[in-house]
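Step one of this worksheet: look at the structure below.
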Amino acid sequence: MSDHLMKTYARLPVTFEKGAGALLQDTNGKSYLDAVSGIAVCSLGHAHPAVAEAICAQSQQLIHTSNLYNVANQQALADKLAELSGMDRVFFSNSGAEANEAAIKIARKYGHSKGIDVPTIIVMENSFHGRTLATLTATGNKKVQEGFAPLVEGFIRVPFDNVDAVKAHSDNPNIVAILVEPIQGEGGVHVPQAGYLKALKDICETNDWLLMVDEIQTGVGRTGKWFAHQHDGITPDVMTLAKALGNGVPIGACLANGKAAEVFAPGNHGTTFGGNPLACAAGLAVIKAMEIHNHISKVAEKGDVLVEKFRTALQGQAGVVQIRGKGYMIGIQLDRPCGELVGKALEQGLLINVTRMDTIRLLPTFVMTQEQTEQLVTQLTQLVKEFLAA
Ligand SMILES: *Cc1c(COP(=O)(O)O)cnc(C)c1O
């Protein structure tokens, strides 16, 4: 095994060779049921035929030109995202962190246009927004920030799912925006109370701030709506996407609406690769497949069923703190650190994730069959019970 990689990850002892649907196969031919989807990326399942065909065909025609020119796929994908979100404009990036960088720059420039010299963004405790300097500063996790000071200025942190904590900053003349995840993913699958984003949107309107929702994990159908903020019936000023947008082909997007959509002028922001013909071909194929197979409403339904199955299977089980989630974004919080469950599940041919030490996070593919769903519930319930009994 190569020892020339930077030690940024403590990797599990497995190498995958191929996949299909909800299944992966390792280099020894062993099969795994994937309930992580590459962290909410391969929502349509592995090696999705329509996505594979789209990128194959596009690669034979044109992979890259430049944002110096019009890119037809980019315009088509922007039109589609605008239609689905009701938002006006899109900037395409290569990753989630870059999409958030664009959002942060929009907020700052918006502030400066109003004569605010130190534009400041409200961010949440326990949040995750990426690993670039600005996004790791916005992230509410000391471990992500440790060793990288000096951090970026212009952020104020408040508790998540607490409207009053945001309101308390209404008198601060430097605030220009709120950046928030509709459901905190890395932070442990925390679902705020219904109406939370609506309340934040109202505060933003009153104070002329931008509501910026980080839907990098929750977007593109994961929670049973195209975008999780739609559960609250609002349209944000800015929204960021990435993970599932290309089903594995790197692509991110920063969408903006109304006044926020008019902030950037030529020269204010840019990217070499962002929105290239190949990545956008993948994005277009993903959205088309989601529509053809009606995945959005199916995920809403199947997610409810899956949570209910776990609640039933783990009912009365001491050590289980809470089972929560929306759509196919599910957290099972235990009363103790449970990272070792990941390796145990792996041995049994099941891929799960643990975040925030004590929360099992499930982000299954939308194409998991009923049989595979039963397998996930049975196998994981058994693992959890054994772990808690030990
Ligand atoms: C994954 C994630 C990011 C970072 O995306 P990258 O593509 O890894 O840069 C940002 N915000 C949220 C909510 C995420 O889940």
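By order in the structure tokens, chains are A, B, ...; within a chain, residues start at 1; ligands start at 1, following the order shown.
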query: Residues within 8 Å of ligand 1 (only C-alpha atoms and all ligand atoms), as a ChimeraX atom specification?
result: /A:39,94-100,127-132,135,181,184-186,214-218,242-243,250,252
Could you give me, as a Markdown table, every range 108-144 of chain A residue with an atom at most 10 Å from range 148-170 of chain A, plus its closest atom pair and distance in Å to one decimal, counting only C-alpha atoms, rows ordered by chain then number?
```
| residue | atom | partner | partner_atom | distance |
| --- | --- | --- | --- | --- |
| A:Arg108 | CA | A:Gly154 | CA | 8.9 |
| A:Val118 | CA | A:Gly154 | CA | 6.7 |
| A:Pro119 | CA | A:Gly154 | CA | 6.2 |
| A:Thr120 | CA | A:Gly154 | CA | 4.3 |
| A:Ile121 | CA | A:Phe155 | CA | 4.8 |
| A:Ile122 | CA | A:Ile156 | CA | 4.8 |
| A:Val123 | CA | A:Arg157 | CA | 4.9 |
| A:Met124 | CA | A:Val158 | CA | 5.0 |
| A:Glu125 | CA | A:Pro159 | CA | 5.0 |
| A:Asn126 | CA | A:Phe160 | CA | 7.4 |
| A:Ser127 | CA | A:Phe160 | CA | 8.1 |
| A:Leu133 | CA | A:Val152 | CA | 6.7 |
| A:Ala134 | CA | A:Val152 | CA | 5.7 |
| A:Thr135 | CA | A:Val152 | CA | 8.9 |
| A:Leu136 | CA | A:Leu151 | CA | 8.2 |
| A:Thr137 | CA | A:Leu151 | CA | 5.9 |
| A:Ala138 | CA | A:Phe155 | CA | 6.7 |
| A:Thr139 | CA | A:Arg157 | CA | 9.4 |
| A:Gly140 | CA | A:Arg157 | CA | 7.8 |
| A:Val144 | CA | A:Phe148 | CA | 8.6 |
```
Using only all heavy atoms, please write the residues we just selected to a file, as a CSV table (one decimal), in the first residue's frame.
```csv
chain,number,residue,atom,x,y,z
A,108,ARG,N,-20.2,39.3,2.0
A,108,ARG,CA,-19.3,40.4,2.3
A,108,ARG,C,-19.5,41.6,1.3
A,108,ARG,O,-19.5,42.7,1.6
A,108,ARG,CB,-17.8,39.9,2.2
A,108,ARG,CG,-17.5,39.2,3.5
A,108,ARG,CD,-16.0,38.9,3.6
A,108,ARG,NE,-15.6,38.4,4.9
A,108,ARG,CZ,-14.4,38.3,5.3
A,108,ARG,NH1,-13.4,38.6,4.5
A,108,ARG,NH2,-14.1,37.9,6.5
A,118,VAL,N,-17.0,46.1,8.1
A,118,VAL,CA,-16.6,44.8,8.6
A,118,VAL,C,-17.8,43.9,8.6
A,118,VAL,O,-18.4,43.5,9.6
A,118,VAL,CB,-16.2,45.0,10.1
A,118,VAL,CG1,-15.4,43.7,10.6
A,118,VAL,CG2,-15.2,46.2,10.3
A,119,PRO,N,-18.2,43.5,7.4
A,119,PRO,CA,-19.3,42.6,7.2
A,119,PRO,C,-19.2,41.3,8.0
A,119,PRO,O,-18.1,40.7,7.9
A,119,PRO,CB,-19.4,42.4,5.7
A,119,PRO,CG,-18.2,42.8,5.1
A,119,PRO,CD,-17.5,43.8,6.0
A,120,THR,N,-20.2,41.0,8.7
A,120,THR,CA,-20.1,39.9,9.7
A,120,THR,C,-21.2,38.9,9.4
A,120,THR,O,-22.4,39.3,9.2
A,120,THR,CB,-20.1,40.4,11.1
A,120,THR,OG1,-19.0,41.3,11.3
A,120,THR,CG2,-20.0,39.3,12.2
A,121,ILE,N,-20.9,37.6,9.5
A,121,ILE,CA,-21.9,36.6,9.2
A,121,ILE,C,-22.2,35.8,10.5
A,121,ILE,O,-21.2,35.4,11.2
A,121,ILE,CB,-21.4,35.6,8.1
A,121,ILE,CG1,-21.1,36.4,6.8
A,121,ILE,CG2,-22.3,34.5,7.8
A,121,ILE,CD1,-20.3,35.6,5.7
A,122,ILE,N,-23.4,35.6,10.8
A,122,ILE,CA,-23.8,34.7,11.9
A,122,ILE,C,-23.7,33.3,11.5
A,122,ILE,O,-24.3,32.9,10.5
A,122,ILE,CB,-25.2,35.1,12.4
A,122,ILE,CG1,-25.3,36.5,12.9
A,122,ILE,CG2,-25.7,34.1,13.4
A,122,ILE,CD1,-26.7,36.9,13.4
A,123,VAL,N,-23.0,32.5,12.2
A,123,VAL,CA,-22.9,31.0,12.0
A,123,VAL,C,-23.3,30.3,13.3
A,123,VAL,O,-23.4,30.9,14.3
A,123,VAL,CB,-21.5,30.6,11.5
A,123,VAL,CG1,-21.2,31.2,10.1
A,123,VAL,CG2,-20.4,31.1,12.5
A,124,MET,N,-23.4,29.0,13.2
A,124,MET,CA,-24.0,28.2,14.3
A,124,MET,C,-23.0,27.4,15.0
A,124,MET,O,-22.0,26.9,14.4
A,124,MET,CB,-25.1,27.3,13.7
A,124,MET,CG,-26.2,28.0,13.0
A,124,MET,SD,-27.0,29.2,14.0
A,124,MET,CE,-27.6,30.3,12.7
A,125,GLU,N,-23.2,27.1,16.3
A,125,GLU,CA,-22.4,26.1,17.0
A,125,GLU,C,-22.7,24.8,16.4
A,125,GLU,O,-23.8,24.5,15.9
A,125,GLU,CB,-22.9,26.1,18.5
A,125,GLU,CG,-22.5,27.3,19.2
A,125,GLU,CD,-23.0,27.4,20.7
A,125,GLU,OE1,-23.7,26.4,21.1
A,125,GLU,OE2,-22.8,28.5,21.3
A,126,ASN,N,-21.7,23.9,16.4
A,126,ASN,CA,-21.8,22.5,15.9
A,126,ASN,C,-22.0,22.4,14.4
A,126,ASN,O,-22.3,21.3,13.9
A,126,ASN,CB,-23.0,21.9,16.7
A,126,ASN,CG,-23.0,20.4,16.6
A,126,ASN,OD1,-21.9,19.8,16.8
A,126,ASN,ND2,-24.1,19.8,16.4
A,127,SER,N,-21.7,23.5,13.7
A,127,SER,CA,-22.0,23.4,12.2
A,127,SER,C,-20.8,22.9,11.5
A,127,SER,O,-19.7,22.7,12.1
A,127,SER,CB,-22.2,24.9,11.7
A,127,SER,OG,-21.1,25.7,12.0
A,133,LEU,N,-9.9,28.0,4.5
A,133,LEU,CA,-9.8,28.8,5.7
A,133,LEU,C,-11.1,29.5,6.2
A,133,LEU,O,-11.4,29.5,7.4
A,133,LEU,CB,-8.7,29.8,5.5
A,133,LEU,CG,-7.3,29.3,5.9
A,133,LEU,CD1,-6.2,30.3,5.5
A,133,LEU,CD2,-7.1,28.9,7.3
A,134,ALA,N,-11.8,30.1,5.2
A,134,ALA,CA,-13.0,30.8,5.6
A,134,ALA,C,-14.1,29.8,6.1
A,134,ALA,O,-14.8,30.0,7.0
A,134,ALA,CB,-13.6,31.6,4.4
A,135,THR,N,-14.2,28.6,5.4
A,135,THR,CA,-15.2,27.7,5.7
A,135,THR,C,-14.9,26.9,7.0
A,135,THR,O,-15.8,26.6,7.8
A,135,THR,CB,-15.6,26.7,4.6
A,135,THR,OG1,-14.4,26.0,4.3
A,135,THR,CG2,-16.1,27.4,3.4
A,136,LEU,N,-13.6,26.7,7.3
A,136,LEU,CA,-13.3,26.1,8.6
A,136,LEU,C,-13.5,27.1,9.8
A,136,LEU,O,-13.8,26.7,10.9
A,136,LEU,CB,-11.9,25.4,8.6
A,136,LEU,CG,-10.7,26.2,8.8
A,136,LEU,CD1,-10.3,26.5,10.2
A,136,LEU,CD2,-9.5,25.4,8.2
A,137,THR,N,-13.4,28.4,9.4
A,137,THR,CA,-13.7,29.4,10.4
A,137,THR,C,-15.2,29.4,10.7
A,137,THR,O,-15.7,29.5,11.9
A,137,THR,CB,-13.3,30.7,10.0
A,137,THR,OG1,-11.9,30.7,9.7
A,137,THR,CG2,-13.5,31.8,11.1
A,138,ALA,N,-16.0,29.2,9.7
A,138,ALA,CA,-17.5,29.2,9.8
A,138,ALA,C,-17.9,28.0,10.5
A,138,ALA,O,-19.0,27.9,11.2
A,138,ALA,CB,-18.1,29.3,8.4
A,139,THR,N,-17.1,26.9,10.4
A,139,THR,CA,-17.5,25.6,11.0
A,139,THR,C,-17.4,25.7,12.6
A,139,THR,O,-16.5,26.3,13.1
A,139,THR,CB,-16.5,24.5,10.5
A,139,THR,OG1,-16.7,24.3,9.1
A,139,THR,CG2,-16.6,23.2,11.3
A,140,GLY,N,-18.4,25.2,13.2
A,140,GLY,CA,-18.5,25.2,14.7
A,140,GLY,C,-17.9,24.0,15.3
A,140,GLY,O,-18.6,23.3,16.1
A,144,VAL,N,-11.7,21.0,14.0
A,144,VAL,CA,-11.5,21.4,12.6
A,144,VAL,C,-10.6,22.6,12.5
A,144,VAL,O,-9.8,22.8,11.5
A,144,VAL,CB,-12.9,21.6,11.9
A,144,VAL,CG1,-12.7,22.3,10.5
A,144,VAL,CG2,-13.6,20.3,11.7
```
Would you give me, as CSV, each residue of range 19-125 of chain A having an atom within 12 Å of an atom of range 369-379 of chain A, along with its shortest atom pair and that distance in Å to one decimal, using only C-alpha atoms and sorting by chain and residue number?
```
residue,atom,partner,partner_atom,distance
A:Gly21,CA,A:Thr369,CA,9.0
A:Ala22,CA,A:Thr369,CA,8.0
A:Leu23,CA,A:Gln372,CA,9.3
A:Tyr32,CA,A:Gln372,CA,10.6
A:Leu33,CA,A:Gln372,CA,7.4
A:Asp34,CA,A:Leu376,CA,9.1
A:Ala35,CA,A:Leu376,CA,7.8
A:Val36,CA,A:Leu376,CA,11.5
A:Gly45,CA,A:Thr369,CA,11.0
```
- request: Write out as a ChimeraX atom specification each polymer residue whose atoms come within 9 Å of Thr15 in chain A, counting only C-alpha atoms; drop sequence neighbours fewer than 3 positions from it.
  value: /A:12,25-28
Atoms to include: all heavy atoms. Write the selected residues as an mmCIF file, in the first residue's frame.
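Once everything was written out, this is again_33.cif:
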```cif
data_model
loop_
_atom_site.group_PDB
_atom_site.id
_atom_site.type_symbol
_atom_site.label_atom_id
_atom_site.label_comp_id
_atom_site.auth_asym_id
_atom_site.auth_seq_id
_atom_site.Cartn_x
_atom_site.Cartn_y
_atom_site.Cartn_z
ATOM 1 N N LEU A 12 -10.361 3.250 6.708
ATOM 2 C CA LEU A 12 -10.750 1.886 7.011
ATOM 3 C C LEU A 12 -9.985 0.943 6.085
ATOM 4 O O LEU A 12 -9.662 1.308 4.959
ATOM 5 C CB LEU A 12 -12.261 1.708 6.815
ATOM 6 C CG LEU A 12 -13.109 2.481 7.829
ATOM 7 C CD1 LEU A 12 -14.510 2.712 7.297
ATOM 8 C CD2 LEU A 12 -13.152 1.751 9.166
ATOM 9 N N GLN A 25 -18.287 -3.529 -4.141
ATOM 10 C CA GLN A 25 -17.490 -4.757 -4.065
ATOM 11 C C GLN A 25 -16.032 -4.377 -3.845
ATOM 12 O O GLN A 25 -15.521 -3.461 -4.499
ATOM 13 C CB GLN A 25 -17.637 -5.528 -5.379
ATOM 14 C CG GLN A 25 -17.277 -6.984 -5.235
ATOM 15 C CD GLN A 25 -17.437 -7.718 -6.563
ATOM 16 O OE1 GLN A 25 -16.535 -7.783 -7.379
ATOM 17 N NE2 GLN A 25 -18.613 -8.258 -6.794
ATOM 18 N N ASP A 26 -15.367 -5.060 -2.913
ATOM 19 C CA ASP A 26 -13.970 -4.718 -2.645
ATOM 20 C C ASP A 26 -13.038 -5.552 -3.524
ATOM 21 O O ASP A 26 -13.482 -6.381 -4.322
ATOM 22 C CB ASP A 26 -13.645 -4.825 -1.147
ATOM 23 C CG ASP A 26 -13.542 -6.265 -0.643
ATOM 24 O OD1 ASP A 26 -13.533 -7.200 -1.460
ATOM 25 O OD2 ASP A 26 -13.462 -6.436 0.595
ATOM 26 N N THR A 27 -11.730 -5.315 -3.357
ATOM 27 C CA THR A 27 -10.741 -5.942 -4.241
ATOM 28 C C THR A 27 -10.641 -7.450 -4.017
ATOM 29 O O THR A 27 -9.995 -8.154 -4.788
ATOM 30 C CB THR A 27 -9.364 -5.286 -4.042
ATOM 31 O OG1 THR A 27 -9.145 -5.093 -2.636
ATOM 32 C CG2 THR A 27 -9.303 -3.940 -4.736
ATOM 33 N N ASN A 28 -11.264 -7.958 -2.929
ATOM 34 C CA ASN A 28 -11.293 -9.411 -2.719
ATOM 35 C C ASN A 28 -12.604 -10.031 -3.188
ATOM 36 O O ASN A 28 -12.860 -11.214 -2.951
ATOM 37 C CB ASN A 28 -11.096 -9.736 -1.231
ATOM 38 C CG ASN A 28 -9.767 -9.228 -0.717
ATOM 39 O OD1 ASN A 28 -8.750 -9.387 -1.386
ATOM 40 N ND2 ASN A 28 -9.782 -8.588 0.440
#
```
- request: Pull the helix (DSSP H, G or I) assignments for range 194-342 of chain A out of DSSP run on the backbone, and list those residues as number ranges by chain.
  value: A: 196-207, 228-232, 243-246, 258-262, 277-292, 295-313, 340-342
Near-Thr272 in chain A list (10 Å; only C-alpha atoms; drop same-chain fewer than 5 positions) as a PDB file with all heavy atoms, in the first residue's frame:
```pdb
ATOM      1  N   HIS A  64     -13.739  20.123 -21.386  1.00  0.00           N
ATOM      2  CA  HIS A  64     -13.505  21.431 -20.788  1.00  0.00           C
ATOM      3  C   HIS A  64     -13.284  22.480 -21.864  1.00  0.00           C
ATOM      4  O   HIS A  64     -12.627  22.201 -22.867  1.00  0.00           O
ATOM      5  CB  HIS A  64     -12.260  21.369 -19.886  1.00  0.00           C
ATOM      6  CG  HIS A  64     -11.904  22.686 -19.263  1.00  0.00           C
ATOM      7  ND1 HIS A  64     -12.491  23.138 -18.103  1.00  0.00           N
ATOM      8  CD2 HIS A  64     -11.056  23.661 -19.655  1.00  0.00           C
ATOM      9  CE1 HIS A  64     -11.996  24.334 -17.800  1.00  0.00           C
ATOM     10  NE2 HIS A  64     -11.130  24.680 -18.730  1.00  0.00           N
ATOM     11  N   THR A  65     -13.841  23.633 -21.658  1.00  0.00           N
ATOM     12  CA  THR A  65     -13.457  24.782 -22.495  1.00  0.00           C
ATOM     13  C   THR A  65     -12.921  25.830 -21.553  1.00  0.00           C
ATOM     14  O   THR A  65     -11.748  25.786 -21.194  1.00  0.00           O
ATOM     15  CB  THR A  65     -14.661  25.296 -23.305  1.00  0.00           C
ATOM     16  OG1 THR A  65     -15.760  25.511 -22.434  1.00  0.00           O
ATOM     17  CG2 THR A  65     -15.031  24.307 -24.399  1.00  0.00           C
ATOM     18  N   SER A  66     -13.771  26.701 -21.053  1.00  0.00           N
ATOM     19  CA  SER A  66     -13.379  27.695 -20.071  1.00  0.00           C
ATOM     20  C   SER A  66     -14.583  28.572 -19.812  1.00  0.00           C
ATOM     21  O   SER A  66     -15.467  28.692 -20.666  1.00  0.00           O
ATOM     22  CB  SER A  66     -12.240  28.568 -20.602  1.00  0.00           C
ATOM     23  OG  SER A  66     -12.102  29.717 -19.774  1.00  0.00           O
ATOM     24  N   ASN A  67     -14.578  29.207 -18.648  1.00  0.00           N
ATOM     25  CA  ASN A  67     -15.633  30.178 -18.378  1.00  0.00           C
ATOM     26  C   ASN A  67     -15.396  31.490 -19.129  1.00  0.00           C
ATOM     27  O   ASN A  67     -16.143  32.457 -18.945  1.00  0.00           O
ATOM     28  CB  ASN A  67     -15.790  30.389 -16.870  1.00  0.00           C
ATOM     29  CG  ASN A  67     -16.485  29.201 -16.220  1.00  0.00           C
ATOM     30  OD1 ASN A  67     -17.517  28.735 -16.696  1.00  0.00           O
ATOM     31  ND2 ASN A  67     -15.901  28.671 -15.148  1.00  0.00           N
ATOM     32  N   LEU A  68     -14.375  31.516 -19.963  1.00  0.00           N
ATOM     33  CA  LEU A  68     -14.213  32.624 -20.906  1.00  0.00           C
ATOM     34  C   LEU A  68     -15.296  32.583 -21.976  1.00  0.00           C
ATOM     35  O   LEU A  68     -15.550  33.561 -22.658  1.00  0.00           O
ATOM     36  CB  LEU A  68     -12.842  32.537 -21.596  1.00  0.00           C
ATOM     37  CG  LEU A  68     -11.606  32.733 -20.712  1.00  0.00           C
ATOM     38  CD1 LEU A  68     -10.355  32.380 -21.481  1.00  0.00           C
ATOM     39  CD2 LEU A  68     -11.547  34.169 -20.203  1.00  0.00           C
ATOM     40  N   SER A  93     -19.105  25.590  -8.826  1.00  0.00           N
ATOM     41  CA  SER A  93     -17.769  25.350  -8.275  1.00  0.00           C
ATOM     42  C   SER A  93     -17.470  23.857  -8.389  1.00  0.00           C
ATOM     43  O   SER A  93     -18.228  23.116  -9.010  1.00  0.00           O
ATOM     44  CB  SER A  93     -17.719  25.795  -6.811  1.00  0.00           C
ATOM     45  OG  SER A  93     -18.612  24.996  -6.039  1.00  0.00           O
ATOM     46  N   ASN A  94     -16.370  23.423  -7.778  1.00  0.00           N
ATOM     47  CA  ASN A  94     -15.975  22.007  -7.843  1.00  0.00           C
ATOM     48  C   ASN A  94     -16.242  21.250  -6.556  1.00  0.00           C
ATOM     49  O   ASN A  94     -15.997  20.050  -6.486  1.00  0.00           O
ATOM     50  CB  ASN A  94     -14.478  21.885  -8.152  1.00  0.00           C
ATOM     51  CG  ASN A  94     -14.099  22.756  -9.315  1.00  0.00           C
ATOM     52  OD1 ASN A  94     -14.471  22.478 -10.438  1.00  0.00           O
ATOM     53  ND2 ASN A  94     -13.376  23.819  -9.042  1.00  0.00           N
TER      54      ASN A  94
END
```
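Taking CA of Ala282 in chain A as the reference point, CA of Ala102 in chain A is found at 21.4 Å.
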task: Would you kindly return, as an MDAnalysis selection string, each protein, DNA or RNA residue with an atom no farther than 10 Å from any atom of Gly111 in chain A, considering only C-alpha atoms and excluding same-chain residues fewer than 4 positions away?
output: chainID A and resid 105:107 115:121 174:177 208:210 263
Those same residues - all heavy atoms - I'd like them written as a CSV table (one decimal), in the first residue's frame.
```
chain,number,residue,atom,x,y,z
A,105,LYS,N,-18.4,35.3,0.1
A,105,LYS,CA,-17.9,36.5,-0.7
A,105,LYS,C,-19.1,37.3,-1.1
A,105,LYS,O,-19.1,38.6,-1.1
A,105,LYS,CB,-17.1,36.1,-1.9
A,105,LYS,CG,-15.7,35.7,-1.6
A,105,LYS,CD,-14.9,35.3,-2.8
A,105,LYS,CE,-14.6,36.4,-3.7
A,105,LYS,NZ,-13.7,36.0,-4.9
A,106,ILE,N,-20.2,36.7,-1.4
A,106,ILE,CA,-21.5,37.4,-1.8
A,106,ILE,C,-21.9,38.2,-0.6
A,106,ILE,O,-22.2,39.4,-0.7
A,106,ILE,CB,-22.6,36.5,-2.2
A,106,ILE,CG1,-22.3,36.0,-3.6
A,106,ILE,CG2,-24.0,37.2,-2.2
A,106,ILE,CD1,-23.3,34.9,-4.1
A,107,ALA,N,-21.9,37.6,0.6
A,107,ALA,CA,-22.4,38.3,1.8
A,107,ALA,C,-21.5,39.5,2.1
A,107,ALA,O,-22.0,40.6,2.5
A,107,ALA,CB,-22.3,37.3,3.0
A,115,GLY,N,-22.2,49.9,2.7
A,115,GLY,CA,-21.3,50.8,3.5
A,115,GLY,C,-20.9,50.2,4.8
A,115,GLY,O,-20.4,50.8,5.7
A,116,ILE,N,-21.0,48.8,4.9
A,116,ILE,CA,-20.6,48.1,6.1
A,116,ILE,C,-19.1,47.7,5.9
A,116,ILE,O,-18.8,46.9,5.0
A,116,ILE,CB,-21.5,46.9,6.4
A,116,ILE,CG1,-22.9,47.4,6.6
A,116,ILE,CG2,-20.9,46.1,7.6
A,116,ILE,CD1,-23.9,46.3,6.7
A,117,ASP,N,-18.2,48.2,6.7
A,117,ASP,CA,-16.8,48.0,6.5
A,117,ASP,C,-16.3,46.6,7.0
A,117,ASP,O,-15.3,46.1,6.6
A,117,ASP,CB,-16.0,49.1,7.2
A,117,ASP,CG,-16.1,50.4,6.4
A,117,ASP,OD1,-16.4,50.4,5.2
A,117,ASP,OD2,-16.0,51.5,7.1
A,118,VAL,N,-17.0,46.1,8.1
A,118,VAL,CA,-16.6,44.8,8.6
A,118,VAL,C,-17.8,43.9,8.6
A,118,VAL,O,-18.4,43.5,9.6
A,118,VAL,CB,-16.2,45.0,10.1
A,118,VAL,CG1,-15.4,43.7,10.6
A,118,VAL,CG2,-15.2,46.2,10.3
A,119,PRO,N,-18.2,43.5,7.4
A,119,PRO,CA,-19.3,42.6,7.2
A,119,PRO,C,-19.2,41.3,8.0
A,119,PRO,O,-18.1,40.7,7.9
A,119,PRO,CB,-19.4,42.4,5.7
A,119,PRO,CG,-18.2,42.8,5.1
A,119,PRO,CD,-17.5,43.8,6.0
A,120,THR,N,-20.2,41.0,8.7
A,120,THR,CA,-20.1,39.9,9.7
A,120,THR,C,-21.2,38.9,9.4
A,120,THR,O,-22.4,39.3,9.2
A,120,THR,CB,-20.1,40.4,11.1
A,120,THR,OG1,-19.0,41.3,11.3
A,120,THR,CG2,-20.0,39.3,12.2
A,121,ILE,N,-20.9,37.6,9.5
A,121,ILE,CA,-21.9,36.6,9.2
A,121,ILE,C,-22.2,35.8,10.5
A,121,ILE,O,-21.2,35.4,11.2
A,121,ILE,CB,-21.4,35.6,8.1
A,121,ILE,CG1,-21.1,36.4,6.8
A,121,ILE,CG2,-22.3,34.5,7.8
A,121,ILE,CD1,-20.3,35.6,5.7
A,174,ASN,N,-23.1,45.4,11.9
A,174,ASN,CA,-22.1,44.8,11.0
A,174,ASN,C,-22.7,43.5,10.4
A,174,ASN,O,-22.1,43.0,9.5
A,174,ASN,CB,-20.8,44.5,11.7
A,174,ASN,CG,-20.0,45.8,12.0
A,174,ASN,OD1,-20.1,46.7,11.2
A,174,ASN,ND2,-19.3,45.8,13.1
A,175,ILE,N,-23.8,43.0,11.0
A,175,ILE,CA,-24.3,41.7,10.4
A,175,ILE,C,-24.8,41.9,9.0
A,175,ILE,O,-25.6,42.8,8.7
A,175,ILE,CB,-25.4,41.1,11.3
A,175,ILE,CG1,-25.0,41.0,12.8
A,175,ILE,CG2,-25.9,39.8,10.8
A,175,ILE,CD1,-24.0,40.0,13.1
A,176,VAL,N,-24.4,41.0,8.2
A,176,VAL,CA,-24.9,41.0,6.8
A,176,VAL,C,-25.6,39.7,6.4
A,176,VAL,O,-26.4,39.7,5.4
A,176,VAL,CB,-23.8,41.2,5.8
A,176,VAL,CG1,-23.2,42.6,6.0
A,176,VAL,CG2,-22.7,40.2,5.9
A,177,ALA,N,-25.4,38.6,7.1
A,177,ALA,CA,-26.0,37.4,6.7
A,177,ALA,C,-26.0,36.3,7.8
A,177,ALA,O,-25.3,36.5,8.8
A,177,ALA,CB,-25.2,36.8,5.5
A,208,ASP,N,-32.6,43.3,6.7
A,208,ASP,CA,-31.9,43.4,5.5
A,208,ASP,C,-30.6,42.5,5.5
A,208,ASP,O,-29.6,43.0,4.9
A,208,ASP,CB,-31.6,44.9,5.2
A,208,ASP,CG,-31.4,45.1,3.7
A,208,ASP,OD1,-31.8,44.2,2.9
A,208,ASP,OD2,-30.8,46.1,3.3
A,209,TRP,N,-30.7,41.4,6.1
A,209,TRP,CA,-29.6,40.4,6.0
A,209,TRP,C,-29.9,39.4,4.9
A,209,TRP,O,-31.1,39.2,4.5
A,209,TRP,CB,-29.4,39.6,7.3
A,209,TRP,CG,-29.2,40.5,8.5
A,209,TRP,CD1,-28.7,41.8,8.6
A,209,TRP,CD2,-29.3,40.0,9.9
A,209,TRP,NE1,-28.6,42.2,9.9
A,209,TRP,CE2,-29.0,41.1,10.7
A,209,TRP,CE3,-29.7,38.9,10.5
A,209,TRP,CZ2,-29.0,41.1,12.1
A,209,TRP,CZ3,-29.7,38.8,11.9
A,209,TRP,CH2,-29.4,39.9,12.7
A,210,LEU,N,-28.9,38.6,4.5
A,210,LEU,CA,-29.1,37.5,3.6
A,210,LEU,C,-29.2,36.2,4.4
A,210,LEU,O,-28.4,35.9,5.3
A,210,LEU,CB,-27.9,37.3,2.6
A,210,LEU,CG,-27.6,38.6,1.8
A,210,LEU,CD1,-26.4,38.3,0.9
A,210,LEU,CD2,-28.8,39.0,1.0
A,263,VAL,N,-25.1,40.6,-6.9
A,263,VAL,CA,-24.0,41.1,-6.2
A,263,VAL,C,-22.7,41.0,-7.0
A,263,VAL,O,-21.9,41.9,-7.1
A,263,VAL,CB,-23.8,40.4,-4.8
A,263,VAL,CG1,-22.4,40.7,-4.2
A,263,VAL,CG2,-24.9,40.8,-3.9
```
task: Would you mind listing what lies within 12 Å of range 55-63 of chain A as a VMD selection string, with only C-alpha atoms counted and same-chain residues fewer than 6 positions away left out?
output: chain A and resid 47 to 49 71 to 73 246 to 249 273 to 286
task: Find the residues around Phe387 in chain A up to 12 Å (only C-alpha atoms counted), leave out those fewer than 3 positions away in its own chain, and share them as an MDAnalysis selection string.
output: chainID A and resid 317:320 334:342 344:345 380:384 390
Which residue of A:Val51, A:Leu388, A:Ile287, A:Ile332 approaches Val220 in chain A most closely, using only C-alpha atoms: A:Ile287
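With only C-alpha atoms as the atoms that count, the residue of A:Phe16, A:Phe366, A:Tyr69, A:Phe91 with the shortest distance to Ala261 in chain A is A:Phe91.
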